[in-house]
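K.L.:
To start, I am sharing the structure in question, which I have written as structure tokens.
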Amino acid sequence: MTTEPAAERRAAPRTLADELRSRTDDALAALLRARPDLLSPVPGDLSQLATRAGARTSVLRALERLDRFALQVAEALAVAPDPCPYGELAALLPDGEEELPRALGLLRERALVWGGDDRLRLVRTARELLAPSAARPSPTGLGPSLAEATAGTSPGRLQEILTAAGLPTTHDPVSALESLASLFGDRERMDALLGQAPEEARAMLAKLMWGPPYGEVSEVPSSPVRWLLDRALLLPAAPRTVVLPREVALHLRGGRAHRRPEPLPPPVGPGR
């Protein structure tokens, strides 16, 4: 299902300012009603409005005013590739397929998301606020991506990981990460790899799967932990701390960004 107006599909915006220029007067008025702080002071033009719409304080206010499912959609976009196709976003929220167009439309209306359905982009400030980090866990319970978690890993160590995972070695770190990411995104090959894991290792992954994605290990890792580390199914995050890469967690979850998506508001019962 597509959620974008026909005019936006004809000319895909390159920036948020471009997207705002394509809006009708009524759509701009709806944005300013939803985010009245953008009018103080009155912006001189749409470029200034776009800059203000991406300011940290304004984005925080806009996120706080979202309903629960719209916020979950924004959280899913923050852990998805940038840009993210609509189909990939829907796969992250499998229980909210019927409500997803409404929530995404709300995020677009409030200038928190822009771009066509094939290239959905969360405003950079919103991504920074909602993306997981060691200091600020994501409500999704997901951790850093494979690329983020392996930053600083030596090229030699990456080649050792490829070998342990049953992959051919490569000539550089970039292609090594691409090969690992391809493995982690392939359900059949990942199932086969995890089928070789010791039972204790699978139990450790199950504990971290829904978050928090960080775990404490002994100074000398046990054999199950070492098995996972050797294949980048866990990665060092700090001394005696390991982290579950985002791609591995998503595989274990069946691709779900949230444990309990909330596409519908809870029922309101009668009060006494």
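Letters A, B, ... mark the chains of the structure tokens in the order given; residue numbers begin at 1 per chain; ligand numbers begin at 1, in order shown.
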Taking the DSSP assignment computed from this structure's backbone, write out as a VMD selection string all residues of region 6-128 of chain A that belong to alpha helix (DSSP H).
P.N.:
chain A and resid 6 to 10 16 to 21 25 to 34 46 to 53 56 to 64 68 to 79 86 to 92 100 to 109 124 to 128
K.L.:
Show me, as an MDAnalysis selection string, the residues that have an atom within 9 Å of Gln159 (chain A) when counting only C-alpha atoms, minus same-chain residues fewer than 3 positions from it.
P.N.:
chainID A and resid 154:156 162:164 168:173 176
K.L.:
Could those selected residues go to a file with N, CA, C and O atoms, as a JSON list (two decimals), in the first residue's frame?
P.N.:
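This went into out-v2.json:
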```
[["chain", "number", "residue", "atom", "x", "y", "z"],
["A", 154, "SER", "N", 40.25, -4.71, 14.16],
["A", 154, "SER", "CA", 41.36, -4.78, 13.21],
["A", 154, "SER", "C", 40.96, -5.59, 11.98],
["A", 154, "SER", "O", 40.13, -6.50, 12.06],
["A", 155, "PRO", "N", 41.54, -5.26, 10.82],
["A", 155, "PRO", "CA", 41.25, -6.04, 9.60],
["A", 155, "PRO", "C", 41.54, -7.52, 9.77],
["A", 155, "PRO", "O", 40.79, -8.37, 9.27],
["A", 156, "GLY", "N", 42.63, -7.84, 10.48],
["A", 156, "GLY", "CA", 42.96, -9.25, 10.68],
["A", 156, "GLY", "C", 41.90, -9.98, 11.48],
["A", 156, "GLY", "O", 41.56, -11.13, 11.16],
["A", 162, "LEU", "N", 35.35, -14.06, 9.64],
["A", 162, "LEU", "CA", 34.82, -14.64, 8.41],
["A", 162, "LEU", "C", 35.12, -16.14, 8.33],
["A", 162, "LEU", "O", 34.25, -16.95, 8.00],
["A", 163, "THR", "N", 36.35, -16.50, 8.65],
["A", 163, "THR", "CA", 36.74, -17.91, 8.59],
["A", 163, "THR", "C", 35.93, -18.75, 9.57],
["A", 163, "THR", "O", 35.44, -19.83, 9.22],
["A", 164, "ALA", "N", 35.78, -18.25, 10.80],
["A", 164, "ALA", "CA", 35.03, -19.00, 11.82],
["A", 164, "ALA", "C", 33.57, -19.15, 11.42],
["A", 164, "ALA", "O", 32.93, -20.16, 11.75],
["A", 168, "PRO", "N", 34.32, -17.06, 2.98],
["A", 168, "PRO", "CA", 35.64, -16.84, 2.40],
["A", 168, "PRO", "C", 36.23, -15.51, 2.86],
["A", 168, "PRO", "O", 35.49, -14.55, 3.11],
["A", 169, "THR", "N", 37.54, -15.45, 3.01],
["A", 169, "THR", "CA", 38.19, -14.21, 3.40],
["A", 169, "THR", "C", 38.11, -13.20, 2.26],
["A", 169, "THR", "O", 37.88, -13.54, 1.11],
["A", 170, "THR", "N", 38.28, -11.93, 2.62],
["A", 170, "THR", "CA", 38.21, -10.84, 1.64],
["A", 170, "THR", "C", 39.50, -10.04, 1.70],
["A", 170, "THR", "O", 40.39, -10.32, 2.51],
["A", 171, "HIS", "N", 39.58, -8.99, 0.86],
["A", 171, "HIS", "CA", 40.80, -8.21, 0.78],
["A", 171, "HIS", "C", 40.77, -6.93, 1.60],
["A", 171, "HIS", "O", 41.78, -6.24, 1.69],
["A", 172, "ASP", "N", 39.62, -6.59, 2.17],
["A", 172, "ASP", "CA", 39.55, -5.33, 2.92],
["A", 172, "ASP", "C", 38.40, -5.41, 3.93],
["A", 172, "ASP", "O", 37.49, -6.24, 3.80],
["A", 173, "PRO", "N", 38.42, -4.53, 4.95],
["A", 173, "PRO", "CA", 37.38, -4.55, 5.99],
["A", 173, "PRO", "C", 35.98, -4.26, 5.44],
["A", 173, "PRO", "O", 35.00, -4.81, 5.96],
["A", 176, "ALA", "N", 34.58, -7.33, 4.01],
["A", 176, "ALA", "CA", 34.39, -8.29, 5.10],
["A", 176, "ALA", "C", 33.07, -8.02, 5.82],
["A", 176, "ALA", "O", 32.30, -8.95, 6.10]]
```
K.L.:
Mind checking which residues fall within 9 Å of Ala134 (chain A), counting only C-alpha atoms, ignoring those fewer than 4 positions away in the same chain, and posting them as a ChimeraX atom specification?
P.N.:
/A:143-144,214,237
K.L.:
Give me the residues within 12 Å of Leu208 (chain A) as a list in words, counting only C-alpha atoms and dropping any in the same chain fewer than 4 places off.
P.N.:
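Final neighbour list, sorted by chain and number: Gly141, Leu142, Gly143, Ala201, Arg202, Ala203, Met204, Pro212, Pro213, Tyr214, Gly215, Glu216, Leu233, Leu234, Val242, Val243, Leu244, Pro245, Arg246, Val248, Ala249, Leu250, Leu252 and Arg253 of chain A.
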K.L.:
For N, CA, C and O atoms, I'd like the residues from the last selection saved as a tab-separated table (two decimals), in the first residue's frame.
P.N.:
```tsv
chain	number	residue	atom	x	y	z
A	141	GLY	N	14.87	-2.07	22.25
A	141	GLY	CA	15.74	-3.07	22.85
A	141	GLY	C	16.87	-3.51	21.94
A	141	GLY	O	17.66	-4.38	22.31
A	142	LEU	N	16.96	-2.90	20.75
A	142	LEU	CA	18.01	-3.26	19.81
A	142	LEU	C	19.30	-2.51	20.14
A	142	LEU	O	19.27	-1.43	20.73
A	143	GLY	N	20.41	-3.08	19.72
A	143	GLY	CA	21.71	-2.47	19.95
A	143	GLY	C	22.28	-1.86	18.69
A	143	GLY	O	21.56	-1.62	17.71
A	201	ALA	N	25.31	-21.17	24.34
A	201	ALA	CA	25.46	-19.98	23.51
A	201	ALA	C	24.10	-19.50	23.01
A	201	ALA	O	23.80	-18.30	23.03
A	202	ARG	N	23.25	-20.42	22.59
A	202	ARG	CA	21.91	-20.03	22.13
A	202	ARG	C	21.09	-19.45	23.28
A	202	ARG	O	20.31	-18.52	23.08
A	203	ALA	N	21.27	-19.98	24.47
A	203	ALA	CA	20.56	-19.45	25.63
A	203	ALA	C	21.00	-18.02	25.94
A	203	ALA	O	20.17	-17.17	26.31
A	204	MET	N	22.29	-17.73	25.75
A	204	MET	CA	22.77	-16.35	25.96
A	204	MET	C	22.16	-15.39	24.97
A	204	MET	O	21.75	-14.28	25.33
A	212	PRO	N	17.94	-5.53	27.42
A	212	PRO	CA	19.04	-4.77	26.86
A	212	PRO	C	20.03	-5.67	26.11
A	212	PRO	O	20.20	-6.83	26.49
A	213	PRO	N	20.67	-5.12	25.05
A	213	PRO	CA	21.52	-5.96	24.21
A	213	PRO	C	22.93	-6.15	24.74
A	213	PRO	O	23.75	-6.79	24.09
A	214	TYR	N	23.21	-5.58	25.91
A	214	TYR	CA	24.56	-5.66	26.48
A	214	TYR	C	24.59	-6.70	27.60
A	214	TYR	O	23.63	-6.83	28.37
A	215	GLY	N	25.69	-7.43	27.67
A	215	GLY	CA	25.87	-8.43	28.72
A	215	GLY	C	27.27	-8.38	29.28
A	215	GLY	O	28.21	-7.96	28.60
A	216	GLU	N	27.39	-8.81	30.51
A	216	GLU	CA	28.70	-8.82	31.18
A	216	GLU	C	29.28	-10.22	31.11
A	216	GLU	O	28.56	-11.21	31.29
A	233	LEU	N	28.60	-13.01	16.47
A	233	LEU	CA	27.22	-13.06	16.95
A	233	LEU	C	27.09	-12.28	18.25
A	233	LEU	O	26.00	-11.83	18.62
A	234	LEU	N	28.18	-12.14	18.95
A	234	LEU	CA	28.36	-11.15	20.01
A	234	LEU	C	29.64	-10.40	19.67
A	234	LEU	O	30.55	-10.96	19.04
A	242	VAL	N	29.86	-7.34	26.37
A	242	VAL	CA	29.61	-7.70	24.99
A	242	VAL	C	28.26	-7.14	24.57
A	242	VAL	O	27.43	-6.80	25.41
A	243	VAL	N	28.06	-7.03	23.26
A	243	VAL	CA	26.80	-6.50	22.74
A	243	VAL	C	26.32	-7.40	21.62
A	243	VAL	O	27.11	-7.97	20.87
A	244	LEU	N	25.01	-7.53	21.52
A	244	LEU	CA	24.37	-8.29	20.45
A	244	LEU	C	24.14	-7.37	19.27
A	244	LEU	O	23.38	-6.39	19.37
A	245	PRO	N	24.79	-7.60	18.11
A	245	PRO	CA	24.57	-6.72	16.95
A	245	PRO	C	23.10	-6.70	16.53
A	245	PRO	O	22.38	-7.68	16.67
A	246	ARG	N	22.69	-5.57	16.03
A	246	ARG	CA	21.28	-5.36	15.67
A	246	ARG	C	20.78	-6.40	14.67
A	246	ARG	O	19.68	-6.93	14.81
A	248	VAL	N	21.74	-9.44	14.18
A	248	VAL	CA	21.56	-10.75	14.80
A	248	VAL	C	20.27	-10.77	15.63
A	248	VAL	O	19.49	-11.72	15.58
A	249	ALA	N	20.04	-9.70	16.38
A	249	ALA	CA	18.81	-9.62	17.19
A	249	ALA	C	17.57	-9.67	16.30
A	249	ALA	O	16.59	-10.35	16.61
A	250	LEU	N	17.60	-8.94	15.18
A	250	LEU	CA	16.45	-8.94	14.29
A	250	LEU	C	16.19	-10.33	13.70
A	250	LEU	O	15.04	-10.74	13.54
A	252	LEU	N	16.87	-13.17	15.25
A	252	LEU	CA	16.31	-13.96	16.33
A	252	LEU	C	14.85	-13.59	16.61
A	252	LEU	O	14.05	-14.44	17.00
A	253	ARG	N	14.49	-12.34	16.37
A	253	ARG	CA	13.13	-11.86	16.62
A	253	ARG	C	12.19	-12.12	15.44
A	253	ARG	O	11.02	-11.76	15.50
```
K.L.:
Which residues of region 106-185 of chain A have any atom within 9 Å of an atom in region 23-42 of chain A when counting only C-alpha atoms, and what is the closest pair of atoms for each, with the distance in Å to one decimal? Order the rows by chain and rising number and write it as CSV.
P.N.:
```
residue,atom,partner,partner_atom,distance
A:Glu109,CA,A:Leu31,CA,5.9
A:Arg110,CA,A:Leu31,CA,5.3
A:Ala111,CA,A:Leu31,CA,7.2
```
K.L.:
Write down as a list in words the residues of region 23-272 of chain A whose backbone DSSP state falls under strand (DSSP E).
P.N.:
Val113, Trp114, Arg121, Leu122, Tyr214, Gly215, Glu216, Leu235, Pro236, Ala237, Ala238, Thr241, Val242 and Val243 of chain A
K.L.:
Would you export the selected residues with all heavy atoms as an mmCIF file, in the first residue's frame, please?
P.N.:
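As a result, selection25.cif now contains:
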```
data_model
loop_
_atom_site.group_PDB
_atom_site.id
_atom_site.type_symbol
_atom_site.label_atom_id
_atom_site.label_comp_id
_atom_site.auth_asym_id
_atom_site.auth_seq_id
_atom_site.Cartn_x
_atom_site.Cartn_y
_atom_site.Cartn_z
ATOM 1 N N VAL A 113 9.112 12.735 9.115
ATOM 2 C CA VAL A 113 9.504 11.792 8.058
ATOM 3 C C VAL A 113 9.268 12.470 6.724
ATOM 4 O O VAL A 113 8.273 13.194 6.553
ATOM 5 C CB VAL A 113 8.684 10.487 8.148
ATOM 6 C CG1 VAL A 113 8.885 9.631 6.901
ATOM 7 C CG2 VAL A 113 9.092 9.697 9.388
ATOM 8 N N TRP A 114 10.161 12.266 5.784
ATOM 9 C CA TRP A 114 9.978 12.798 4.436
ATOM 10 C C TRP A 114 10.512 11.786 3.430
ATOM 11 O O TRP A 114 11.158 10.818 3.796
ATOM 12 C CB TRP A 114 10.666 14.160 4.273
ATOM 13 C CG TRP A 114 12.146 14.148 4.503
ATOM 14 C CD1 TRP A 114 12.803 14.221 5.698
ATOM 15 C CD2 TRP A 114 13.171 14.046 3.500
ATOM 16 N NE1 TRP A 114 14.161 14.170 5.510
ATOM 17 C CE2 TRP A 114 14.418 14.074 4.179
ATOM 18 C CE3 TRP A 114 13.155 13.945 2.114
ATOM 19 C CZ2 TRP A 114 15.633 13.993 3.491
ATOM 20 C CZ3 TRP A 114 14.361 13.863 1.431
ATOM 21 C CH2 TRP A 114 15.578 13.904 2.115
ATOM 22 N N ARG A 121 12.680 8.703 4.956
ATOM 23 C CA ARG A 121 13.770 9.229 5.778
ATOM 24 C C ARG A 121 13.211 9.856 7.055
ATOM 25 O O ARG A 121 12.351 10.739 6.995
ATOM 26 C CB ARG A 121 14.577 10.276 5.009
ATOM 27 C CG ARG A 121 15.390 9.714 3.846
ATOM 28 C CD ARG A 121 16.270 10.795 3.255
ATOM 29 N NE ARG A 121 17.047 10.328 2.137
ATOM 30 C CZ ARG A 121 18.241 9.732 2.244
ATOM 31 N NH1 ARG A 121 18.769 9.534 3.437
ATOM 32 N NH2 ARG A 121 18.904 9.351 1.163
ATOM 33 N N LEU A 122 13.720 9.398 8.173
ATOM 34 C CA LEU A 122 13.419 10.042 9.451
ATOM 35 C C LEU A 122 14.324 11.257 9.575
ATOM 36 O O LEU A 122 15.515 11.187 9.247
ATOM 37 C CB LEU A 122 13.699 9.052 10.589
ATOM 38 C CG LEU A 122 13.289 9.448 12.005
ATOM 39 C CD1 LEU A 122 11.779 9.584 12.117
ATOM 40 C CD2 LEU A 122 13.801 8.412 13.006
ATOM 41 N N TYR A 214 23.214 -5.583 25.907
ATOM 42 C CA TYR A 214 24.556 -5.658 26.485
ATOM 43 C C TYR A 214 24.585 -6.700 27.600
ATOM 44 O O TYR A 214 23.632 -6.834 28.371
ATOM 45 C CB TYR A 214 24.980 -4.302 27.056
ATOM 46 C CG TYR A 214 25.154 -3.242 25.995
ATOM 47 C CD1 TYR A 214 24.081 -2.446 25.601
ATOM 48 C CD2 TYR A 214 26.374 -3.046 25.358
ATOM 49 C CE1 TYR A 214 24.219 -1.483 24.614
ATOM 50 C CE2 TYR A 214 26.528 -2.084 24.373
ATOM 51 C CZ TYR A 214 25.450 -1.310 24.003
ATOM 52 O OH TYR A 214 25.597 -0.368 23.017
ATOM 53 N N GLY A 215 25.687 -7.430 27.669
ATOM 54 C CA GLY A 215 25.866 -8.426 28.715
ATOM 55 C C GLY A 215 27.268 -8.380 29.285
ATOM 56 O O GLY A 215 28.208 -7.955 28.602
ATOM 57 N N GLU A 216 27.387 -8.805 30.514
ATOM 58 C CA GLU A 216 28.697 -8.816 31.180
ATOM 59 C C GLU A 216 29.278 -10.223 31.106
ATOM 60 O O GLU A 216 28.560 -11.208 31.289
ATOM 61 C CB GLU A 216 28.549 -8.384 32.637
ATOM 62 C CG GLU A 216 29.882 -8.190 33.355
ATOM 63 C CD GLU A 216 29.710 -7.632 34.752
ATOM 64 O OE1 GLU A 216 28.600 -7.152 35.069
ATOM 65 O OE2 GLU A 216 30.681 -7.680 35.534
ATOM 66 N N LEU A 235 29.730 -9.147 20.106
ATOM 67 C CA LEU A 235 30.929 -8.353 19.835
ATOM 68 C C LEU A 235 31.346 -7.612 21.095
ATOM 69 O O LEU A 235 30.487 -7.228 21.910
ATOM 70 C CB LEU A 235 30.658 -7.350 18.713
ATOM 71 C CG LEU A 235 30.578 -7.968 17.309
ATOM 72 C CD1 LEU A 235 29.944 -6.995 16.329
ATOM 73 C CD2 LEU A 235 31.966 -8.385 16.831
ATOM 74 N N PRO A 236 32.655 -7.400 21.287
ATOM 75 C CA PRO A 236 33.104 -6.645 22.458
ATOM 76 C C PRO A 236 32.595 -5.205 22.386
ATOM 77 O O PRO A 236 32.649 -4.570 21.338
ATOM 78 C CB PRO A 236 34.631 -6.703 22.352
ATOM 79 C CG PRO A 236 34.933 -7.782 21.368
ATOM 80 C CD PRO A 236 33.768 -7.853 20.447
ATOM 81 N N ALA A 237 32.094 -4.701 23.519
ATOM 82 C CA ALA A 237 31.628 -3.320 23.593
ATOM 83 C C ALA A 237 32.481 -2.500 24.550
ATOM 84 O O ALA A 237 32.602 -1.280 24.390
ATOM 85 C CB ALA A 237 30.169 -3.275 24.034
ATOM 86 N N ALA A 238 33.058 -3.147 25.548
ATOM 87 C CA ALA A 238 33.901 -2.517 26.561
ATOM 88 C C ALA A 238 34.572 -3.665 27.310
ATOM 89 O O ALA A 238 34.224 -4.834 27.099
ATOM 90 C CB ALA A 238 33.060 -1.654 27.508
ATOM 91 N N THR A 241 32.405 -6.523 28.651
ATOM 92 C CA THR A 241 31.044 -6.258 28.181
ATOM 93 C C THR A 241 30.936 -6.636 26.713
ATOM 94 O O THR A 241 31.807 -6.297 25.913
ATOM 95 C CB THR A 241 30.669 -4.776 28.353
ATOM 96 O OG1 THR A 241 30.802 -4.414 29.723
ATOM 97 C CG2 THR A 241 29.230 -4.519 27.911
ATOM 98 N N VAL A 242 29.865 -7.338 26.373
ATOM 99 C CA VAL A 242 29.608 -7.703 24.986
ATOM 100 C C VAL A 242 28.264 -7.137 24.573
ATOM 101 O O VAL A 242 27.425 -6.798 25.410
ATOM 102 C CB VAL A 242 29.613 -9.241 24.800
ATOM 103 C CG1 VAL A 242 30.993 -9.818 25.054
ATOM 104 C CG2 VAL A 242 28.565 -9.904 25.694
ATOM 105 N N VAL A 243 28.060 -7.033 23.261
ATOM 106 C CA VAL A 243 26.804 -6.500 22.737
ATOM 107 C C VAL A 243 26.321 -7.402 21.615
ATOM 108 O O VAL A 243 27.110 -7.972 20.865
ATOM 109 C CB VAL A 243 26.985 -5.045 22.243
ATOM 110 C CG1 VAL A 243 27.939 -4.972 21.053
ATOM 111 C CG2 VAL A 243 25.632 -4.424 21.883
#
```
K.L.:
Which polymer residues have any atom within 12 Å of an atom of Pro13 (chain A), counting only C-alpha atoms, with same-chain residues fewer than 4 positions away left out, as a list in words?
P.N.:
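The filter keeps Glu4, Ala7, Glu8, Arg9, Ala17, Asp18, Glu19, Leu20, Arg21, Ser22, Arg23, Val113, Trp114, Gly115, Gly116, Asp117, Asp118, Arg119, Leu120 and Arg121 of chain A.
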K.L.:
Tell me, as a short mmCIF file (atom, residue, chain, number, x, y, z; two decimals) with C-alpha atoms, in the first residue's frame, which residues lie within 10 Å of region 63-74 of chain A, counting only C-alpha atoms; anything in the same chain fewer than 5 positions away does not count.
P.N.:
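To be explicit, this is the file written out as out.cif:
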```
data_model
loop_
_atom_site.label_atom_id
_atom_site.label_comp_id
_atom_site.auth_asym_id
_atom_site.auth_seq_id
_atom_site.Cartn_x
_atom_site.Cartn_y
_atom_site.Cartn_z
CA ALA A 34 0.54 20.45 14.97
CA ARG A 35 3.88 22.12 15.76
CA SER A 58 11.32 21.22 18.36
CA VAL A 79 16.99 1.36 13.56
CA ALA A 80 16.21 0.73 9.87
CA LEU A 89 9.43 -0.72 7.55
CA ALA A 90 6.25 -2.83 7.43
CA LEU A 92 9.69 -4.38 11.26
CA LEU A 93 6.11 -3.82 12.49
CA GLY A 96 0.63 -2.94 12.77
CA GLU A 99 -2.42 1.17 11.13
CA LEU A 100 0.98 1.83 9.54
CA PRO A 101 -0.29 4.14 6.74
CA ARG A 102 -2.08 6.32 9.30
CA ALA A 103 0.95 6.52 11.61
CA LEU A 104 3.33 7.20 8.74
CA GLY A 105 0.99 9.87 7.40
CA LEU A 106 1.04 11.54 10.81
CA LEU A 107 4.85 11.52 10.88
CA ARG A 110 4.49 16.74 11.24
CA LEU A 112 9.35 14.06 11.11
CA VAL A 113 9.50 11.79 8.06
CA ARG A 121 13.77 9.23 5.78
CA LEU A 122 13.42 10.04 9.45
CA VAL A 123 14.57 13.58 10.19
CA ALA A 126 14.84 12.36 15.40
CA ARG A 127 17.11 9.50 14.29
CA LEU A 129 17.34 10.94 19.53
CA LEU A 130 15.76 7.52 18.93
CA ALA A 131 18.69 5.42 17.66
CA PRO A 139 12.76 1.37 23.37
CA THR A 140 13.11 -1.32 20.71
CA ALA A 257 11.50 -4.06 15.87
CA HIS A 258 9.30 -4.18 19.00
CA ARG A 260 4.82 -5.67 21.63
CA PRO A 261 3.74 -3.24 18.91
CA GLU A 262 0.73 -1.15 19.98
CA PRO A 263 -1.12 -0.20 16.81
CA LEU A 264 -4.40 0.41 18.65
CA PRO A 265 -5.02 2.42 21.83
#
```
K.L.:
Distance CA of Ser175 (chain A)-CA of Val217 (chain A), one decimal place?
P.N.:
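CA of Val217 (chain A) lies at a distance of 29.4 Å from CA of Ser175 (chain A).
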K.L.:
Tell me which of A:Asp82, A:Glu199, A:Asp95, A:Glu128 sits closest to Trp227 (chain A), counting only C-alpha atoms.
P.N.:
A:Glu199
K.L.:
Smallest atom-to-atom distance to Ala181 (chain A): which of A:Ser138, A:Ser223, A:Gln196, A:Ser145, using only C-alpha atoms?
P.N.:
A:Ser145
